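Asker: Structure file coords_39.txt (compact mmCIF, C-alpha atoms) is given on the next line.
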# COMPACT_ATOMS: atom_id res chain seq x y z
CA MET F 1 -73.08 8.22 -65.76
CA MET F 2 -72.91 5.37 -63.21
CA ASN F 3 -70.42 3.53 -65.44
CA ILE F 4 -68.09 6.57 -65.50
CA LYS F 5 -68.49 6.94 -61.74
CA SER F 6 -67.58 3.30 -61.10
CA LYS F 7 -64.57 3.56 -63.44
CA LEU F 8 -63.36 6.64 -61.56
CA LYS F 9 -63.81 4.82 -58.24
CA ARG F 10 -61.82 1.86 -59.52
CA PHE F 11 -59.07 4.16 -60.79
CA TRP F 12 -58.94 6.08 -57.47
CA LYS F 13 -58.65 2.76 -55.63
CA LEU F 14 -55.81 1.75 -57.96
CA LEU F 15 -53.83 4.90 -57.05
CA GLY F 16 -51.56 4.64 -54.05
CA PRO F 17 -47.78 4.81 -53.56
CA GLY F 18 -47.18 6.35 -57.02
CA LEU F 19 -49.64 9.20 -56.47
CA ILE F 20 -48.41 9.91 -52.93
CA THR F 21 -44.75 9.82 -54.01
CA GLY F 22 -45.39 12.13 -56.96
CA ALA F 23 -47.43 14.61 -54.95
CA SER F 24 -44.94 14.67 -52.07
CA ASP F 25 -42.26 15.70 -54.58
CA ASP F 26 -43.98 19.11 -54.74
CA ASP F 27 -43.18 19.91 -51.11
CA PRO F 28 -42.68 23.47 -49.75
CA SER F 29 -38.96 23.36 -50.61
CA GLY F 30 -39.84 22.27 -54.15
CA ILE F 31 -42.43 25.04 -54.41
CA ALA F 32 -39.73 27.55 -53.38
CA THR F 33 -37.44 26.25 -56.15
CA TYR F 34 -40.18 26.41 -58.80
CA SER F 35 -41.23 29.86 -57.60
CA GLN F 36 -37.67 31.17 -57.96
CA ALA F 37 -37.46 29.60 -61.44
CA GLY F 38 -40.60 31.48 -62.49
CA ALA F 39 -39.81 34.76 -60.73
CA GLY F 40 -36.19 34.84 -61.88
CA PHE F 41 -36.57 33.64 -65.46
CA GLY F 42 -40.22 34.04 -66.44
CA LEU F 43 -41.47 31.13 -68.53
CA SER F 44 -37.97 30.06 -69.67
CA THR F 45 -38.00 26.90 -67.54
CA LEU F 46 -41.55 25.69 -68.31
CA TRP F 47 -40.19 23.02 -70.67
CA THR F 48 -38.40 21.27 -67.80
CA ALA F 49 -41.74 19.82 -66.64
CA LEU F 50 -41.99 17.85 -69.91
CA ILE F 51 -38.39 16.61 -69.69
CA ALA F 52 -38.60 15.67 -66.00
CA PHE F 53 -41.77 13.53 -66.27
CA PRO F 54 -40.46 10.52 -68.27
CA LEU F 55 -37.19 10.51 -66.29
CA MET F 56 -39.02 10.59 -62.93
CA ALA F 57 -41.54 7.96 -64.03
CA SER F 58 -38.90 5.53 -65.34
CA ILE F 59 -36.78 5.61 -62.16
CA GLN F 60 -39.79 5.42 -59.81
CA GLN F 61 -41.19 2.47 -61.78
CA MET F 62 -37.89 0.64 -61.37
CA CYS F 63 -37.91 1.30 -57.61
CA ALA F 64 -41.53 0.14 -57.36
CA ARG F 65 -40.76 -3.02 -59.34
CA ILE F 66 -37.76 -3.79 -57.11
CA GLY F 67 -40.03 -3.47 -54.04
CA LEU F 68 -42.73 -5.70 -55.54
CA VAL F 69 -40.39 -8.44 -56.78
CA THR F 70 -37.93 -8.59 -53.86
CA GLU F 71 -40.60 -7.89 -51.18
CA GLN F 72 -38.17 -5.55 -49.42
CA GLY F 73 -37.23 -1.89 -49.60
CA LEU F 74 -34.42 -0.48 -51.68
CA THR F 75 -32.09 -0.43 -48.66
CA GLY F 76 -32.72 -4.14 -48.05
CA THR F 77 -31.88 -4.88 -51.69
CA LEU F 78 -28.67 -2.83 -51.48
CA LYS F 79 -27.73 -4.60 -48.24
CA LYS F 80 -28.26 -8.03 -49.77
CA HIS F 81 -26.59 -7.55 -53.17
CA TYR F 82 -23.98 -4.79 -52.75
CA PRO F 83 -20.90 -4.11 -50.60
CA LYS F 84 -21.68 -2.57 -47.22
CA PRO F 85 -19.64 0.62 -47.87
CA VAL F 86 -22.16 1.51 -50.65
CA LEU F 87 -25.00 1.17 -48.16
CA TYR F 88 -23.29 3.20 -45.45
CA LEU F 89 -22.33 5.90 -47.95
CA MET F 90 -25.99 6.27 -48.97
CA LEU F 91 -26.94 6.49 -45.29
CA LEU F 92 -24.24 9.07 -44.61
CA PHE F 93 -25.52 11.38 -47.36
CA SER F 94 -29.25 10.64 -46.96
CA PHE F 95 -29.59 11.38 -43.24
CA PRO F 96 -28.47 15.05 -43.25
CA ALA F 97 -30.11 15.76 -46.62
CA ILE F 98 -33.53 14.47 -45.55
CA VAL F 99 -33.37 16.13 -42.11
CA MET F 100 -32.52 19.49 -43.71
CA ASN F 101 -35.33 19.00 -46.21
CA ILE F 102 -37.75 18.33 -43.34
CA GLY F 103 -36.45 21.44 -41.54
CA ALA F 104 -36.94 23.62 -44.62
CA ASP F 105 -40.49 22.29 -45.09
CA ILE F 106 -41.45 22.82 -41.43
CA ALA F 107 -40.07 26.37 -41.56
CA GLY F 108 -41.98 27.07 -44.78
CA MET F 109 -45.25 25.81 -43.31
CA GLY F 110 -44.74 27.85 -40.14
CA ALA F 111 -43.98 31.03 -42.09
CA VAL F 112 -47.06 30.61 -44.29
CA GLY F 113 -49.20 29.91 -41.20
CA ASN F 114 -47.94 33.23 -39.81
CA LEU F 115 -48.93 34.97 -43.07
CA LEU F 116 -52.48 33.66 -42.77
CA PHE F 117 -52.69 34.44 -39.03
CA PRO F 118 -50.18 37.27 -38.38
CA LYS F 119 -50.87 37.44 -34.63
CA ILE F 120 -49.41 33.95 -34.14
CA GLU F 121 -45.63 33.61 -34.55
CA ALA F 122 -44.26 31.32 -37.25
CA THR F 123 -42.30 29.24 -34.70
CA TYR F 124 -45.54 28.32 -32.89
CA PHE F 125 -47.03 27.08 -36.15
CA SER F 126 -43.88 25.05 -36.87
CA VAL F 127 -44.06 23.36 -33.46
CA VAL F 128 -47.81 22.66 -33.78
CA PHE F 129 -47.43 21.17 -37.28
CA THR F 130 -44.53 18.98 -36.07
CA VAL F 131 -46.49 17.66 -33.07
CA ILE F 132 -49.61 16.98 -35.18
CA LEU F 133 -47.57 15.06 -37.77
CA LEU F 134 -45.75 13.05 -35.11
CA ILE F 135 -49.00 12.00 -33.39
CA LEU F 136 -50.68 11.04 -36.68
CA ILE F 137 -47.69 9.02 -37.95
CA ILE F 138 -47.24 7.09 -34.67
CA TYR F 139 -50.87 6.41 -33.75
CA LEU F 140 -52.61 5.87 -37.08
CA PRO F 141 -52.36 2.51 -38.90
CA TYR F 142 -50.73 2.43 -42.35
CA GLN F 143 -53.99 2.20 -44.29
CA ARG F 144 -55.35 5.31 -42.55
CA ILE F 145 -52.10 7.22 -43.12
CA ALA F 146 -52.10 6.18 -46.79
CA ALA F 147 -55.71 7.34 -47.16
CA ILE F 148 -54.97 10.72 -45.53
CA LEU F 149 -51.88 11.24 -47.71
CA LYS F 150 -53.90 10.27 -50.77
CA TYR F 151 -56.62 12.85 -50.07
CA LEU F 152 -54.02 15.50 -49.19
CA CYS F 153 -52.84 15.17 -52.82
CA ILE F 154 -56.09 16.92 -53.80
CA VAL F 155 -54.79 20.08 -52.08
CA LEU F 156 -52.25 20.42 -54.89
CA LEU F 157 -55.10 21.10 -57.32
CA VAL F 158 -55.19 24.67 -55.98
CA TYR F 159 -52.04 25.38 -58.01
CA LEU F 160 -53.91 24.48 -61.18
CA ILE F 161 -56.45 27.22 -60.42
CA VAL F 162 -54.13 30.13 -59.54
CA PRO F 163 -52.85 30.93 -63.10
CA PHE F 164 -56.43 31.35 -64.34
CA LEU F 165 -56.95 34.18 -61.86
CA TYR F 166 -54.49 36.28 -63.88
CA HIS F 167 -54.39 37.29 -67.57
CA GLN F 168 -52.19 34.90 -69.55
CA ASP F 169 -50.48 34.94 -72.96
CA TRP F 170 -51.30 31.36 -73.97
CA LEU F 171 -49.26 31.46 -77.21
CA LEU F 172 -46.14 32.38 -75.24
CA ILE F 173 -46.95 29.63 -72.74
CA LEU F 174 -47.21 27.03 -75.54
CA LYS F 175 -43.93 28.19 -77.07
CA SER F 176 -42.14 28.14 -73.70
CA THR F 177 -43.48 24.63 -73.00
CA PHE F 178 -42.43 22.97 -76.24
CA VAL F 179 -39.39 25.03 -77.32
CA PRO F 180 -36.60 24.72 -74.71
CA THR F 181 -34.75 27.88 -73.69
CA ILE F 182 -31.27 27.58 -72.18
CA HIS F 183 -29.05 30.42 -70.99
CA PHE F 184 -25.45 29.36 -70.39
CA ASP F 185 -24.86 31.41 -67.28
CA LYS F 186 -24.41 30.43 -63.62
CA GLU F 187 -27.83 31.65 -62.47
CA PHE F 188 -29.84 29.82 -65.13
CA MET F 189 -27.78 26.62 -64.96
CA GLY F 190 -28.08 26.77 -61.18
CA ILE F 191 -31.88 26.89 -61.32
CA LEU F 192 -31.96 24.00 -63.85
CA VAL F 193 -29.86 21.91 -61.48
CA GLY F 194 -32.15 22.92 -58.62
CA ILE F 195 -35.26 21.83 -60.55
CA LEU F 196 -33.70 18.46 -61.42
CA GLY F 197 -32.53 17.91 -57.84
CA THR F 198 -36.00 18.75 -56.54
CA THR F 199 -37.88 16.51 -58.97
CA ILE F 200 -35.56 13.47 -58.99
CA SER F 201 -34.78 13.15 -55.28
CA PRO F 202 -33.14 10.04 -53.78
CA TYR F 203 -35.52 9.84 -50.78
CA LEU F 204 -38.38 9.20 -53.24
CA PHE F 205 -36.57 6.10 -54.56
CA PHE F 206 -36.50 4.55 -51.07
CA TRP F 207 -40.07 5.57 -50.22
CA GLN F 208 -41.50 4.17 -53.47
CA ALA F 209 -39.94 0.70 -53.01
CA SER F 210 -40.92 0.51 -49.32
CA MET F 211 -44.50 1.61 -49.97
CA GLU F 212 -44.97 -1.06 -52.64
CA VAL F 213 -43.91 -3.63 -50.03
CA GLU F 214 -46.42 -2.16 -47.54
CA GLU F 215 -49.18 -2.25 -50.16
CA MET F 216 -48.45 -5.89 -51.01
CA LYS F 217 -48.76 -6.80 -47.32
CA HIS F 218 -52.31 -5.52 -47.39
CA LYS F 219 -53.30 -7.33 -50.58
CA LYS F 220 -55.57 -10.26 -49.89
CA ASN F 221 -53.91 -13.70 -49.87
CA HIS F 222 -50.47 -12.07 -50.46
CA LEU F 223 -50.79 -12.30 -54.24
CA MET F 224 -47.73 -13.27 -56.26
CA VAL F 225 -46.33 -10.54 -58.48
CA ASN F 226 -47.68 -10.85 -62.00
CA LYS F 227 -48.11 -8.69 -65.11
CA LYS F 228 -51.44 -7.32 -63.86
CA ILE F 229 -49.88 -6.06 -60.61
CA ILE F 230 -46.90 -4.60 -62.53
CA ASN F 231 -49.25 -2.83 -64.99
CA GLU F 232 -51.34 -1.41 -62.15
CA MET F 233 -48.15 -0.16 -60.50
CA LYS F 234 -47.10 1.53 -63.78
CA GLN F 235 -50.46 3.31 -64.05
CA ASP F 236 -50.18 4.49 -60.45
CA VAL F 237 -46.59 5.75 -60.87
CA ASP F 238 -47.27 7.37 -64.25
CA PHE F 239 -50.30 9.21 -62.87
CA GLY F 240 -48.40 10.30 -59.75
CA MET F 241 -45.40 11.58 -61.68
CA SER F 242 -47.54 13.34 -64.31
CA PHE F 243 -49.55 14.96 -61.49
CA SER F 244 -46.29 16.10 -59.88
CA GLY F 245 -45.05 17.51 -63.18
CA LEU F 246 -48.36 19.28 -63.80
CA VAL F 247 -48.22 21.02 -60.41
CA MET F 248 -44.59 22.00 -61.04
CA PHE F 249 -45.61 23.40 -64.45
CA PHE F 250 -48.42 25.51 -62.99
CA ILE F 251 -46.29 26.90 -60.15
CA ILE F 252 -43.63 28.03 -62.65
CA LEU F 253 -46.44 29.38 -64.84
CA THR F 254 -48.00 31.35 -61.96
CA THR F 255 -44.76 32.89 -60.72
CA GLY F 256 -43.35 33.26 -64.24
CA THR F 257 -46.25 35.45 -65.28
CA VAL F 258 -47.51 37.16 -62.12
CA LEU F 259 -44.21 37.74 -60.27
CA TYR F 260 -41.79 38.04 -63.20
CA GLN F 261 -44.01 40.50 -65.06
CA GLY F 262 -44.69 42.34 -61.81
CA GLY F 263 -40.96 42.98 -61.38
CA VAL F 264 -40.45 40.48 -58.53
CA ARG F 265 -37.28 38.63 -59.58
CA GLN F 266 -35.97 37.09 -56.36
CA ILE F 267 -37.91 34.53 -54.30
CA ASP F 268 -36.04 32.76 -51.52
CA THR F 269 -38.92 31.21 -49.59
CA VAL F 270 -42.47 30.01 -50.16
CA GLU F 271 -43.94 32.73 -47.94
CA GLN F 272 -42.22 35.37 -50.10
CA ALA F 273 -43.89 33.84 -53.17
CA ALA F 274 -47.30 33.88 -51.47
CA GLN F 275 -46.82 37.47 -50.24
CA ALA F 276 -45.69 38.70 -53.64
CA LEU F 277 -48.78 37.24 -55.30
CA LYS F 278 -51.18 39.18 -53.05
CA PRO F 279 -50.88 42.69 -54.54
CA LEU F 280 -50.33 41.41 -58.10
CA ALA F 281 -52.93 38.63 -58.47
CA GLY F 282 -55.35 39.30 -55.62
CA ASN F 283 -56.29 37.80 -52.26
CA LEU F 284 -57.72 34.55 -53.67
CA ALA F 285 -54.49 33.64 -55.51
CA TYR F 286 -52.50 34.45 -52.38
CA LEU F 287 -54.80 32.39 -50.15
CA LEU F 288 -54.81 29.35 -52.45
CA PHE F 289 -51.03 29.44 -52.83
CA ALA F 290 -50.56 29.63 -49.04
CA ILE F 291 -53.03 26.81 -48.30
CA GLY F 292 -51.26 24.68 -50.90
CA VAL F 293 -47.93 25.12 -49.09
CA ILE F 294 -49.35 23.86 -45.78
CA GLY F 295 -51.12 20.95 -47.51
CA THR F 296 -47.99 19.86 -49.36
CA GLY F 297 -45.95 20.07 -46.16
CA LEU F 298 -48.40 17.81 -44.34
CA LEU F 299 -48.11 15.40 -47.26
CA ALA F 300 -44.34 15.53 -47.82
CA ILE F 301 -42.95 15.44 -44.27
CA PRO F 302 -44.36 11.96 -43.45
CA VAL F 303 -42.82 10.76 -46.74
CA LEU F 304 -39.44 12.33 -45.94
CA SER F 305 -39.30 11.07 -42.34
CA GLY F 306 -40.74 7.69 -43.33
CA SER F 307 -38.20 7.16 -46.10
CA LEU F 308 -35.34 8.02 -43.73
CA SER F 309 -36.66 5.59 -41.13
CA TYR F 310 -36.95 2.79 -43.71
CA ILE F 311 -33.34 3.47 -44.80
CA ILE F 312 -31.95 3.31 -41.24
CA THR F 313 -34.04 0.40 -39.91
CA GLU F 314 -33.42 -1.76 -43.00
CA THR F 315 -29.70 -0.97 -42.78
CA PHE F 316 -29.46 -2.27 -39.21
CA GLY F 317 -32.09 -5.01 -39.52
CA TRP F 318 -34.57 -3.45 -37.08
CA GLU F 319 -38.33 -3.96 -37.22
CA GLN F 320 -39.96 -1.45 -39.50
CA GLY F 321 -43.22 -0.54 -41.16
CA LEU F 322 -46.03 1.99 -40.93
CA ASP F 323 -48.38 -0.99 -40.61
CA LYS F 324 -46.86 -1.83 -37.21
CA LYS F 325 -47.82 -0.29 -33.88
CA PHE F 326 -45.29 1.70 -31.85
CA HIS F 327 -44.44 -1.15 -29.45
CA GLU F 328 -43.87 -3.49 -32.43
CA ALA F 329 -41.38 -1.21 -34.20
CA LYS F 330 -40.08 1.25 -31.61
CA ALA F 331 -36.83 2.02 -33.45
CA PHE F 332 -38.73 2.79 -36.67
CA TYR F 333 -40.96 5.39 -35.01
CA ILE F 334 -38.14 6.79 -32.84
CA VAL F 335 -36.15 7.53 -36.02
CA ILE F 336 -39.19 9.34 -37.45
CA ALA F 337 -39.56 11.34 -34.22
CA ILE F 338 -35.84 12.23 -34.14
CA SER F 339 -35.88 13.35 -37.79
CA LEU F 340 -38.87 15.64 -37.13
CA VAL F 341 -37.35 17.11 -33.96
CA LEU F 342 -33.97 17.65 -35.66
CA GLY F 343 -35.72 19.25 -38.65
CA LEU F 344 -37.64 21.58 -36.33
CA SER F 345 -34.46 22.42 -34.37
CA LEU F 346 -32.74 23.75 -37.52
CA ASN F 347 -34.95 26.83 -37.13
CA TYR F 348 -33.40 27.50 -33.71
CA ILE F 349 -29.68 26.84 -34.33
CA GLY F 350 -29.09 29.44 -37.03
CA ILE F 351 -29.39 27.32 -40.20
CA SER F 352 -31.75 29.25 -42.48
CA PRO F 353 -34.25 27.33 -44.65
CA ILE F 354 -32.47 28.60 -47.77
CA LYS F 355 -29.08 27.30 -46.61
CA ALA F 356 -30.74 24.01 -45.69
CA LEU F 357 -32.17 23.77 -49.22
CA ILE F 358 -28.77 24.51 -50.79
CA TYR F 359 -27.05 21.83 -48.66
CA THR F 360 -29.88 19.40 -49.42
CA ALA F 361 -29.58 20.02 -53.16
CA ILE F 362 -25.81 19.37 -53.01
CA LEU F 363 -26.22 16.09 -51.10
CA TYR F 364 -29.10 14.93 -53.32
CA GLY F 365 -27.15 15.95 -56.41
CA ILE F 366 -24.15 13.84 -55.38
CA THR F 367 -26.13 10.74 -54.31
CA ALA F 368 -28.78 10.67 -57.07
CA PRO F 369 -26.48 9.56 -59.95
CA VAL F 370 -24.90 6.82 -57.79
CA LEU F 371 -28.31 5.54 -56.71
CA ILE F 372 -29.73 5.69 -60.25
CA ALA F 373 -26.76 3.61 -61.47
CA ILE F 374 -27.39 1.02 -58.72
CA ILE F 375 -31.15 0.97 -59.44
CA LEU F 376 -30.43 0.37 -63.14
CA HIS F 377 -28.03 -2.46 -62.24
CA VAL F 378 -30.54 -4.13 -59.89
CA SER F 379 -33.42 -3.69 -62.37
CA ASN F 380 -31.43 -5.51 -65.06
CA ASN F 381 -30.16 -8.28 -62.76
CA LYS F 382 -32.11 -11.45 -63.59
CA SER F 383 -30.94 -13.20 -60.42
CA VAL F 384 -32.76 -10.48 -58.44
CA MET F 385 -35.65 -9.48 -60.73
CA GLY F 386 -36.34 -12.76 -62.55
CA ARG F 387 -38.58 -12.10 -65.56
CA PHE F 388 -39.35 -8.55 -64.43
CA THR F 389 -36.12 -6.92 -65.58
CA ASN F 390 -36.13 -3.57 -67.40
CA SER F 391 -37.58 -3.15 -70.86
CA ARG F 392 -35.52 -1.38 -73.53
CA THR F 393 -37.57 1.81 -73.06
CA SER F 394 -37.00 1.75 -69.29
CA ASN F 395 -33.26 1.37 -69.83
CA ILE F 396 -33.08 4.21 -72.35
CA LEU F 397 -34.96 6.57 -70.03
CA GLY F 398 -33.03 5.33 -67.00
CA PHE F 399 -29.62 5.87 -68.61
CA LEU F 400 -30.79 9.27 -69.86
CA ALA F 401 -31.72 10.16 -66.27
CA LEU F 402 -28.29 8.92 -65.12
CA ILE F 403 -26.45 11.07 -67.70
CA ILE F 404 -28.53 14.19 -67.01
CA MET F 405 -28.27 13.83 -63.21
CA SER F 406 -24.50 13.20 -63.45
CA LEU F 407 -24.09 16.36 -65.53
CA ALA F 408 -26.32 18.23 -63.06
CA ALA F 409 -24.14 17.03 -60.17
CA ALA F 410 -20.99 18.16 -61.99
CA VAL F 411 -22.52 21.58 -62.71
CA LEU F 412 -23.74 21.86 -59.10
CA ILE F 413 -20.25 21.17 -57.72
CA TYR F 414 -18.70 23.56 -60.26
CA LEU F 415 -21.12 26.35 -59.25
CA GLN F 416 -20.35 25.86 -55.56
CA PHE F 417 -16.62 26.37 -56.11
CA THR F 418 -16.81 29.19 -58.67
CA THR F 419 -19.68 31.36 -57.38
Taking this structure as input, can you express it in the form of C-alpha cells?
Answerer:
Amino acid sequence: MMNIKSKLKRFWKLLGPGLITGASDDDPSGIATYSQAGAGFGLSTLWTALIAFPLMASIQQMCARIGLVTEQGLTGTLKKHYPKPVLYLMLLFSFPAIVMNIGADIAGMGAVGNLLFPKIEATYFSVVFTVILLILIIYLPYQRIAAILKYLCIVLLVYLIVPFLYHQDWLLILKSTFVPTIHFDKEFMGILVGILGTTISPYLFFWQASMEVEEMKHKKNHLMVNKKIINEMKQDVDFGMSFSGLVMFFIILTTGTVLYQGGVRQIDTVEQAAQALKPLAGNLAYLLFAIGVIGTGLLAIPVLSGSLSYIITETFGWEQGLDKKFHEAKAFYIVIAISLVLGLSLNYIGISPIKALIYTAILYGITAPVLIAIILHVSNNKSVMGRFTNSRTSNILGFLALIIMSLAAAVLIYLQFTT
C-alpha cells in the first residue's frame, strides 16, 4: 500500500505544465461549446474526444520541447528565428482573441455565481472573481500559483461524476465513441470546427513553452535537458491532454443524454447548461456542473492572461515571468491586469459572451494552422533543437493536426460568409 502511495506521490510531483495546460483547455467557454455539441447533436460528437487527444498531445509536446531546449518561450523563438512580420501578425490576432476569451470566461463564472446565489447580481460576481484572480497572480510566487492551478484541476473531476447521476445507454455510448458520425450540414460542421478550435487553441502553445522554461528555472542546479527530462515532460503532457479530453468527453456525454433527450437543443452559455440540467438530472448534477464552471474559470483565466503577457513581453524584450515580483517585471503584470480589466469590460460595452466566443473561434481558427506550421518547422530544425528534433510519429501527428486545422479554418471562414 505504501509503495503505491509513494508512486502516486512521485507521479503527482511529476505533473505540472502539461496537466495545467490540459485542464485549462476545458474553460467555461470550452464547456459552453461542448454543451452545445451534446445538446444540439446528442452523442454524435463523442468521437471527437478520441481524435483530438493525439493531435493536442503532439503539438503541446513540441511546444514543451521547444521551451526546454531553447530556454525561452515560443514568442522568443519566433523572434529569434523568423521574420518580424510573422511575430507581429501572431500578436495582432492573439491579443483580441485571448481578451475576448477571458471576457467570455469571466461572464460565464459571474452568471453561474448568480445561479448559485440568485440575490447577488452576476456582474458583482464577475468583478469579485476578476479582483481575486488579479491579486493572486500578482502577489503569489510562481511555485504557489502552479500548486494552486494544479489542485484546481481536481475540480474538473466533478464532470466525470455527473453522467452517472442519470440513466445511460452504455452500448450507444460505446458506438458513438468509436464509430464517427458526420453530418454534412452547416450546423454540424460548425460545431466540429468549434470543438477543434476550443481544444487546439494557440494560447496553449505559448503557455506550454513558457511554463516549461519557468519549471526549468526551479529545477535544482539548472539541469541540462536530457532524455529523462524529455520523457518526464511527455508523461506530463500526455496525462494533461488525456485528462482534458476525458472531461470534454464527459461534458458532451452529460449534455448529449440529459439535455438532448430532454428536448433541450440550444445551449448558448454555461449557465443555460447548468440550469437545464436541474429539472432533468436533479439538484446534485446542477450543483456539480455549476461548481465546475467556476473552478475551471479560476484555472483558465490565469493561463489565458499569462500566455498573453508572455507573448507581449517576449515580443518587446521586457522582463517577464510569474517567478518574478511585481517590481521586477512591472510590464508583465500590467499586461495581465489590462487583459483582465479589458475582458471584464466586454460585459459592459455590449459584446455578448456568445459573440466574443464566435470572434475568438475565428481568430484562433485563422492563427492555429500558421502557428502549427511554424512549430513543426522549429521542431525539425536541428540548428535550434539539436538532437531533440521531432520523431516520425510526432511529425505524422503534427502534420495531421495542420491539415485538419487548416480545413477547419477554411470551413469556419466559409460558414461565416454563407450563413
Asker: Dump as JSON lines the rows for residues of region 193-292 of chain F within 9 Å of region 301-325 of chain F: closest atom pair and distance in Å with one decimal, only C-alpha atoms counted, ordered by chain and rising residue number.
Answerer:
{"residue": "F:Tyr203", "atom": "CA", "partner": "F:Ser307", "partner_atom": "CA", "distance": 6.0}
{"residue": "F:Leu204", "atom": "CA", "partner": "F:Ser307", "partner_atom": "CA", "distance": 7.4}
{"residue": "F:Phe205", "atom": "CA", "partner": "F:Ser307", "partner_atom": "CA", "distance": 8.7}
{"residue": "F:Phe206", "atom": "CA", "partner": "F:Ser307", "partner_atom": "CA", "distance": 5.9}
{"residue": "F:Trp207", "atom": "CA", "partner": "F:Ser307", "partner_atom": "CA", "distance": 4.8}
{"residue": "F:Gln208", "atom": "CA", "partner": "F:Ser307", "partner_atom": "CA", "distance": 8.6}
{"residue": "F:Ser210", "atom": "CA", "partner": "F:Tyr310", "partner_atom": "CA", "distance": 7.2}
{"residue": "F:Glu214", "atom": "CA", "partner": "F:Asp323", "partner_atom": "CA", "distance": 7.3}
{"residue": "F:Lys217", "atom": "CA", "partner": "F:Asp323", "partner_atom": "CA", "distance": 8.9}
Asker: Go through F:Asn390, F:Leu357, F:Pro17, F:Gly350 one by one, measure the shortest atom-to-atom distance of each to Tyr142 (chain F) using all atoms listed in the file, and give the residue with the smallest value.
Answerer: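 Closest to Tyr142 (chain F), using all atoms listed in the file: F:Pro17.
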Asker: Write out as an mmCIF file with C-alpha atoms, in the coordinates of the input which residues come within 9 Å of Thr257 (chain F) when counting all atoms listed in the file, dropping same-chain ones fewer than 3 positions away.
Answerer:
data_model
loop_
_atom_site.group_PDB
_atom_site.id
_atom_site.type_symbol
_atom_site.label_atom_id
_atom_site.label_comp_id
_atom_site.auth_asym_id
_atom_site.auth_seq_id
_atom_site.Cartn_x
_atom_site.Cartn_y
_atom_site.Cartn_z
ATOM 1 C CA GLY F 38 -40.600 31.480 -62.490
ATOM 2 C CA ALA F 39 -39.810 34.760 -60.730
ATOM 3 C CA GLY F 42 -40.220 34.040 -66.440
ATOM 4 C CA LEU F 43 -41.470 31.130 -68.530
ATOM 5 C CA PRO F 163 -52.850 30.930 -63.100
ATOM 6 C CA TYR F 166 -54.490 36.280 -63.880
ATOM 7 C CA HIS F 167 -54.390 37.290 -67.570
ATOM 8 C CA GLN F 168 -52.190 34.900 -69.550
ATOM 9 C CA ASP F 169 -50.480 34.940 -72.960
ATOM 10 C CA ILE F 252 -43.630 28.030 -62.650
ATOM 11 C CA LEU F 253 -46.440 29.380 -64.840
ATOM 12 C CA THR F 254 -48.000 31.350 -61.960
ATOM 13 C CA TYR F 260 -41.790 38.040 -63.200
ATOM 14 C CA GLN F 261 -44.010 40.500 -65.060
ATOM 15 C CA GLY F 262 -44.690 42.340 -61.810
#
Asker: Could you please determine the separation between CA of Ile251 (chain F) and CA of Leu346 (chain F) in Å, to one decimal place?
Answerer: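 For CA of Ile251 (chain F) relative to CA of Leu346 (chain F), the distance reads 26.6 Å.
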Asker: Please measure the separation of CA of Glu187 (chain F) and CA of Asp268 (chain F), giving the value in Å to one decimal.
Answerer: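 Between these atoms lies a distance of 13.7 Å.
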Asker: Write out as a PyMOL selection string which residues come within 7 Å of Ile20 (chain F) when counting all atoms listed in the file, dropping same-chain ones fewer than 3 positions away.
Answerer: chain F and resi 16-17+23-24+149-150+153+240
Asker: Using Å and a single decimal, report how far CA of Val270 (chain F) sits from CA of Gly297 (chain F).
Answerer: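 Between these atoms lies a distance of 11.3 Å.
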Asker: Taking all atoms listed in the file into account, which of F:Gly386, F:Gly40, F:Gly398, F:Pro28 comes nearest Gly256 (chain F)?
Answerer: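 When distances to Gly256 (chain F) are compared using all atoms listed in the file, the smallest one comes from F:Gly40.
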Asker: Hey, which of F:Phe239, F:Phe129, F:Phe388, F:Phe164 ends up closest to Val341 (chain F)? Count all atoms listed in the file.
Answerer: F:Phe129
Asker: For each of F:Asn395, F:Lys330, F:Asp236, F:Ala276, take the minimum atom-to-atom distance to Arg10 (chain F), counting only C-alpha atoms, then give the residue where this is smallest.
Answerer: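 Comparing F:Asn395, F:Lys330, F:Asp236, F:Ala276 against Arg10 (chain F), the winner is F:Asp236.
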Asker: Smallest atom-to-atom distance to Leu412 (chain F): which of F:Ile374, F:Val258, F:Met189, F:Ile336, using all atoms listed in the file?
Answerer: F:Met189
Asker: Check the smallest atom-to-atom distance from each of F:Ile403, F:Val411, F:Val86, F:Leu50 to Ile372 (chain F) using only C-alpha atoms, then report the winner.
Answerer: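 Using only C-alpha atoms, the shortest distance to Ile372 (chain F) belongs to F:Ile403.
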Asker: Using all atoms listed in the file, determine which residues lie at most 9 Å from Glu212 (chain F), disregarding the query and same-chain residues fewer than 6 positions distant; provide the list as a PyMOL selection string.
Answerer: chain F and resi 16-18+63-68+71-73+233
Asker: To box region 358-374 of chain F, take all atoms listed in the file, fit an axis-aligned box, add 8 Å on each side, and give centre and edge lengths in Å to one decimal, as JSON.
Answerer:
{"center_x": -27.0, "center_y": 12.8, "center_z": -55.1, "size_x": 21.7, "size_y": 39.5, "size_z": 28.8}
Asker: Quick one: residues within 12 Å of Ile106 (chain F), all atoms listed in the file, excluding same-chain residues fewer than 6 positions away - as an NGL selection string?
Answerer: :F and (27-29 or 99-100 or 112-113 or 122-133 or 269-270 or 293-302 or 304-305 or 339-347 or 352-353 or 356)
Asker: Export region 32-36 of chain F of the preceding structure, keeping N, CA and C atoms, as an mmCIF file, in the first residue's frame.
Answerer:
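This is the output file decode.cif:
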data_model
loop_
_atom_site.group_PDB
_atom_site.id
_atom_site.type_symbol
_atom_site.label_atom_id
_atom_site.label_comp_id
_atom_site.auth_asym_id
_atom_site.auth_seq_id
_atom_site.Cartn_x
_atom_site.Cartn_y
_atom_site.Cartn_z
ATOM 1 N N ALA F 32 -19.103 25.594 -22.698
ATOM 2 C CA ALA F 32 -20.270 26.046 -23.466
ATOM 3 C C ALA F 32 -20.300 25.381 -24.839
ATOM 4 N N THR F 33 -19.130 25.279 -25.480
ATOM 5 C CA THR F 33 -19.045 24.641 -26.800
ATOM 6 C C THR F 33 -19.411 23.163 -26.717
ATOM 7 N N TYR F 34 -18.837 22.454 -25.734
ATOM 8 C CA TYR F 34 -19.128 21.024 -25.576
ATOM 9 C C TYR F 34 -20.595 20.796 -25.210
ATOM 10 N N SER F 35 -21.136 21.695 -24.407
ATOM 11 C CA SER F 35 -22.542 21.581 -24.001
ATOM 12 C C SER F 35 -23.466 21.728 -25.202
ATOM 13 N N GLN F 36 -23.148 22.690 -26.081
ATOM 14 C CA GLN F 36 -23.958 22.872 -27.292
ATOM 15 C C GLN F 36 -23.818 21.668 -28.219
#
